[in-house]
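Structure file my_file-v6.cif (mmCIF, C-alpha atoms and all ligand atoms) is printed below.
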data_entry
loop_
_atom_site.label_atom_id
_atom_site.label_comp_id
_atom_site.auth_asym_id
_atom_site.auth_seq_id
_atom_site.Cartn_x
_atom_site.Cartn_y
_atom_site.Cartn_z
CA MET R 1 -9.36 -6.14 -19.76
CA SER R 2 -8.92 -9.12 -17.45
CA ARG R 3 -12.17 -10.28 -15.81
CA TRP R 4 -10.36 -12.76 -13.60
CA ILE R 5 -11.95 -12.76 -10.17
CA PRO R 6 -9.51 -14.11 -7.58
CA GLU R 7 -10.47 -16.84 -5.14
CA GLY R 8 -8.50 -18.14 -2.21
CA PRO R 9 -7.97 -17.96 1.55
CA GLY R 10 -7.07 -14.25 1.40
CA ILE R 11 -10.00 -13.06 -0.70
CA PRO R 12 -13.06 -11.54 1.05
CA ASP R 13 -16.49 -12.45 -0.30
CA ALA R 14 -18.96 -9.94 -1.71
CA GLN R 15 -20.94 -9.73 1.54
CA ARG R 16 -17.86 -8.69 3.49
CA ARG R 17 -16.71 -6.23 0.83
CA ALA R 18 -20.13 -4.57 0.99
CA ARG R 19 -19.68 -3.89 4.72
CA GLY R 20 -16.57 -1.73 4.44
CA PRO R 21 -12.85 -1.74 3.70
CA VAL R 22 -11.16 -5.11 3.84
CA ALA R 23 -7.88 -6.58 2.64
CA CYS R 24 -7.76 -8.61 -0.55
CA ILE R 25 -4.65 -10.82 -0.45
CA GLU R 26 -3.83 -11.92 -3.98
CA CYS R 27 -0.92 -14.17 -3.03
CA PHE R 28 -1.20 -17.54 -4.73
CA GLN R 29 2.36 -18.86 -4.94
CA GLN R 30 3.60 -21.06 -2.15
CA ILE R 31 6.75 -19.11 -1.36
CA PRO R 32 8.51 -18.82 2.01
CA CYS R 33 7.16 -15.43 3.08
CA ASN R 34 5.11 -14.02 5.96
CA PRO R 35 5.66 -10.26 6.61
CA CYS R 36 1.93 -9.74 6.12
CA GLU R 37 1.19 -11.98 9.08
CA GLU R 38 3.63 -10.11 11.28
CA ALA R 39 2.41 -6.69 10.10
CA CYS R 40 -1.25 -7.03 10.94
CA PRO R 41 -2.01 -5.42 14.32
CA ARG R 42 -5.35 -7.23 14.51
CA GLY R 43 -4.07 -10.75 13.93
CA ALA R 44 -6.24 -11.05 10.84
CA ILE R 45 -3.63 -12.79 8.67
CA THR R 46 -2.34 -16.29 9.32
CA VAL R 47 0.44 -17.99 7.42
CA GLY R 48 1.28 -20.34 10.23
CA ASP R 49 4.23 -22.57 11.02
CA GLU R 50 4.48 -23.84 7.47
CA ILE R 51 5.91 -20.63 5.98
CA THR R 52 5.06 -21.57 2.40
CA SER R 53 1.35 -21.76 3.22
CA LEU R 54 -0.89 -19.22 1.52
CA PRO R 55 -1.95 -16.38 3.84
CA HIS R 56 -5.43 -16.81 5.28
CA LEU R 57 -7.47 -13.68 6.02
CA ASP R 58 -9.97 -13.51 8.87
CA THR R 59 -12.28 -10.99 7.26
CA GLU R 60 -14.09 -10.31 10.53
CA LYS R 61 -10.89 -9.17 12.23
CA CYS R 62 -9.67 -7.06 9.28
CA ASN R 63 -10.66 -3.39 9.25
CA GLY R 64 -8.94 -2.54 5.98
CA CYS R 65 -6.25 -0.34 7.56
CA GLY R 66 -3.79 -1.22 4.78
CA LEU R 67 -0.71 -1.73 6.92
CA CYS R 68 -0.12 -5.21 5.52
CA MET R 69 -0.03 -3.98 1.92
CA THR R 70 2.93 -1.73 2.68
CA ARG R 71 4.90 -4.71 4.05
CA CYS R 72 4.25 -7.18 1.26
CA PRO R 73 7.36 -7.53 -0.95
CA GLY R 74 5.22 -8.93 -3.74
CA LEU R 75 2.78 -5.97 -3.78
CA ALA R 76 0.08 -8.62 -3.61
CA ILE R 77 -2.28 -7.00 -1.11
CA PHE R 78 -5.01 -4.46 -1.84
CA THR R 79 -8.02 -3.19 0.05
CA VAL R 80 -11.52 -3.01 -1.36
CA ASP R 81 -14.47 -1.06 0.03
CA GLU R 82 -17.87 -1.54 -1.60
CA SER R 83 -19.82 0.30 1.11
CA CYS R 84 -19.49 3.76 -0.46
CA GLY R 85 -22.99 4.00 -1.96
CA GLU R 86 -23.99 5.53 -5.30
CA GLY R 87 -22.64 2.52 -7.16
CA LYS R 88 -19.07 3.32 -6.16
CA ALA R 89 -16.23 1.35 -4.63
CA ARG R 90 -12.81 2.32 -3.32
CA VAL R 91 -9.72 0.31 -4.11
CA SER R 92 -6.39 0.94 -2.39
CA PHE R 93 -2.94 -0.23 -3.43
CA PRO R 94 0.71 0.40 -2.54
CA TYR R 95 2.43 3.08 -4.58
CA GLU R 96 6.23 3.47 -4.71
CA TYR R 97 6.69 6.10 -7.41
CA VAL R 98 6.99 9.86 -7.65
CA PRO R 99 5.15 12.00 -8.25
CA LEU R 100 2.25 10.80 -6.18
CA PRO R 101 -1.14 11.24 -7.83
CA GLU R 102 -3.09 14.26 -6.68
CA LYS R 103 -6.09 13.81 -4.44
CA GLY R 104 -9.29 14.62 -6.32
CA SER R 105 -7.77 14.20 -9.76
CA ARG R 106 -9.37 12.06 -12.45
CA ILE R 107 -7.13 9.19 -13.42
CA ASP R 108 -7.08 6.11 -15.65
CA CYS R 109 -7.28 2.91 -13.62
CA THR R 110 -5.81 -0.40 -14.75
CA ASP R 111 -6.08 -4.10 -14.03
CA ARG R 112 -3.30 -6.35 -12.72
CA GLU R 113 -1.64 -6.45 -16.13
CA GLY R 114 -1.72 -2.70 -16.70
CA HIS R 115 -4.68 -2.69 -19.07
CA PHE R 116 -7.14 0.20 -18.88
CA VAL R 117 -10.32 -0.65 -17.00
CA THR R 118 -12.10 2.59 -16.17
CA GLU R 119 -11.60 6.19 -15.23
CA GLY R 120 -11.65 6.94 -11.51
CA THR R 121 -10.98 9.66 -8.97
CA VAL R 122 -8.04 9.73 -6.58
CA TYR R 123 -9.92 9.60 -3.28
CA GLN R 124 -6.97 9.55 -0.90
CA VAL R 125 -3.17 9.42 -0.80
CA ARG R 126 -1.77 8.24 2.51
CA GLU R 127 1.82 8.48 3.70
CA SER R 128 2.95 7.46 7.15
CA LYS R 129 6.10 6.44 8.95
CA ALA R 130 4.27 3.21 9.73
CA PHE R 131 4.05 2.54 5.99
CA ASP R 132 7.84 2.30 5.64
CA HIS R 133 8.27 4.70 2.66
CA THR R 134 5.38 3.18 0.73
CA ALA R 135 2.35 5.37 0.03
CA ILE R 136 -1.17 4.01 -0.19
CA VAL R 137 -3.30 5.38 -3.01
CA THR R 138 -7.08 4.96 -2.97
CA VAL R 139 -9.19 5.42 -6.08
CA GLU R 140 -12.96 5.67 -6.26
CA ILE R 141 -14.40 3.80 -9.21
CA PRO R 142 -17.67 2.26 -10.42
CA ARG R 143 -18.38 -0.68 -8.08
CA GLU R 144 -18.60 -3.20 -10.91
CA TYR R 145 -14.83 -2.88 -11.34
CA SER R 146 -13.81 -3.29 -7.69
CA MET R 147 -12.23 -6.69 -8.30
CA ASP R 148 -10.61 -5.62 -11.57
CA VAL R 149 -8.90 -2.29 -10.80
CA ARG R 150 -5.56 -2.77 -9.07
CA PHE R 151 -3.41 0.20 -10.17
CA ILE R 152 -3.41 3.45 -12.14
CA VAL R 153 -1.69 4.97 -15.11
CA ARG R 154 1.08 6.83 -13.36
CA PRO R 155 1.21 10.64 -13.62
CA ALA R 156 4.21 11.81 -15.64
CA PRO R 157 7.35 12.36 -13.54
CA THR R 158 8.37 15.96 -13.04
CA ASP R 159 12.07 15.12 -13.38
CA SER R 160 14.26 12.21 -14.39
CA GLU R 161 13.60 10.37 -11.16
CA GLU R 162 10.94 7.73 -11.72
CA VAL R 163 11.40 5.75 -8.54
CA ASN R 164 11.10 7.31 -5.10
CA PRO R 165 14.72 7.70 -3.95
CA ASP R 166 13.64 7.19 -0.35
CA ALA R 167 11.82 3.95 -1.09
S1 LIG R 201 -5.75 -4.33 6.20
FE1 LIG R 201 -5.04 -3.97 8.32
S2 LIG R 201 -6.42 -5.20 9.60
FE2 LIG R 201 -6.65 -5.95 7.49
S3 LIG R 201 -5.23 -7.65 7.32
FE3 LIG R 201 -4.14 -5.82 6.61
S4 LIG R 201 -3.06 -5.03 8.42
FE4 LIG R 201 -4.64 -6.49 9.13
S1 LIG R 202 3.86 -10.71 2.49
FE1 LIG R 202 2.86 -10.70 0.46
S2 LIG R 202 4.00 -12.21 -0.78
FE2 LIG R 202 4.50 -12.60 1.41
S3 LIG R 202 3.00 -14.16 2.06
FE3 LIG R 202 2.14 -12.15 2.58
S4 LIG R 202 0.84 -11.62 0.80
FE4 LIG R 202 2.23 -13.27 0.14
#
Final C-alpha cells representation of the file:
Amino acid sequence: MSRWIPEGPGIPDAQRRARGPVACIECFQQIPCNPCEEACPRGAITVGDEITSLPHLDTEKCNGCGLCMTRCPGLAIFTVDESCGEGKARVSFPYEYVPLPEKGSRIDCTDREGHFVTEGTVYQVRESKAFDHTAIVTVEIPREYSMDVRFIVRPAPTDSEEVNPDA
C-alpha cells in the first residue's frame, strides 16, 4: 500500500481535516485547466490568471460540499472528514460506474493505485443534477487511512455495461 501523503496548495492540514469535511485537491501537474475554480460556489479554489498554476484551496472557505470533484476532468479532487469520532474518517470521491455501491455495505477500499488499504462501509452515495452525471461515494474507514484511501473495489456489474451510459 502507498503511504504517500500529498502536500501542496490544495491539501488541507490535519487540524482542518479534524474540523469537518474539506476538499483535498491532488492536482500536481501544471496543465491548462481550471473547472474546479469555476465550480466552487464559495470561491475556495484559486487557479488565477496563469491557467497552468496549481489550484490553491482556501480551507476556511471550503465546506466539503464536493461540487468541485464532480467537475474535475482528472478525478483529482476528494473530500476528507476526520471529525466523525470513534477513530473514523469519511473519504468521498467521484464515481462514474454502474452499479453504484450500496449504502451501508462493507467494501474493500483502495489507494490511488488500486491497492487494497482497508475494509470500510459505504456511508453515502450522492447523485444530483448539479453533479453532472457523476455520483459521489463516501466511505467510512479507520481514521489512520484517511489520506491513503481514494477509491473502492467496484461491485460487480449486473450486466455487460461497465461504464454509466449517461456519464
Ligand atoms: S468541496 Fe465545495 S466548497 Fe470545497 S472547494 Fe470544492 S466546491 Fe468549493
Ligand atoms: S479541475 Fe482538476 S485537473 Fe483541472 S486544475 Fe482543477 S483539480 Fe486540477
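Look at Arg16 (chain R): the protein and nucleic acid residues within 10 Å of it, using all atoms listed in the file and passing over chain neighbours fewer than 4 places away, are Ile11, Pro12, Gly20, Pro21, Val22, Thr59, Glu60, Val80, Asp81, Glu82 and Ser83 of chain R.
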Would you mind listing the residues within 12 Å of ligand LIG 202 (chain R), counting all atoms listed in the file, as a count of residues only? 48
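Here CA of Asp49 (chain R) stands at a distance of 18.5 Å from atom FE4 of ligand LIG 201 (chain R).
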Between R:Ser146, R:Thr118, R:Thr110, R:Asn63, single out the one closest to ligand LIG 201 (chain R), counting only C-alpha atoms and all ligand atoms. R:Asn63
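The shortest atom-to-atom distance to Pro99 (chain R), with only C-alpha atoms taken into account, belongs to R:Thr158 out of R:Gln124, R:His133, R:Asp58, R:Thr158.
The nearest approach to Pro155 (chain R) among the residues R:Cys84, R:Cys65, R:Val98, R:Ala14, with all atoms listed in the file taken into account, belongs to R:Val98.
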Enter the distance from CA of Ala18 (chain R) to CA of Lys129 (chain R), in Å, rounded to one decimal. 29.5 Å
Env of region 151-153 of chain R: 12 Å cut, atoms = only C-alpha atoms, seq-sep filter 5 positions within chain, self excluded. Answer as JSON, numbers by chain. {"R": [75, 76, 77, 78, 79, 90, 91, 92, 93, 94, 95, 96, 97, 99, 100, 101, 105, 106, 107, 108, 109, 110, 111, 112, 113, 114, 115, 116, 117, 118, 119, 120, 121, 122, 136, 137, 138, 139, 140, 141, 145, 146]}
Using only the atoms of ligand LIG 201 (chain R) listed in the file, plus 5 Å on each side, state the axis-aligned box centre and edge lengths in Å rounded to one decimal, as AutoDock Vina command-line options.
--center_x -4.9 --center_y -5.8 --center_z 7.9 --size_x 13.6 --size_y 13.7 --size_z 13.4
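As for CA of Phe131 (chain R) and CA of Gly64 (chain R), they are spaced 13.9 Å apart.
Distance annotation: of R:Gly87, R:Gly66, R:Gly104, R:Pro6, the residue with the minimal separation from ligand LIG 201 (chain R) is R:Gly66; atom set is only C-alpha atoms and all ligand atoms.
Minimum distance to ligand LIG 201 (chain R) across R:Ala89, R:Met147, R:Ala130, R:Ile5 (counting all atoms listed in the file) occurs at R:Ala130.
With distances taken over all atoms listed in the file, R:Cys62 is the one residue among R:Ala135, R:Val149, R:Cys62, R:Ala156 lying closest to ligand LIG 201 (chain R).
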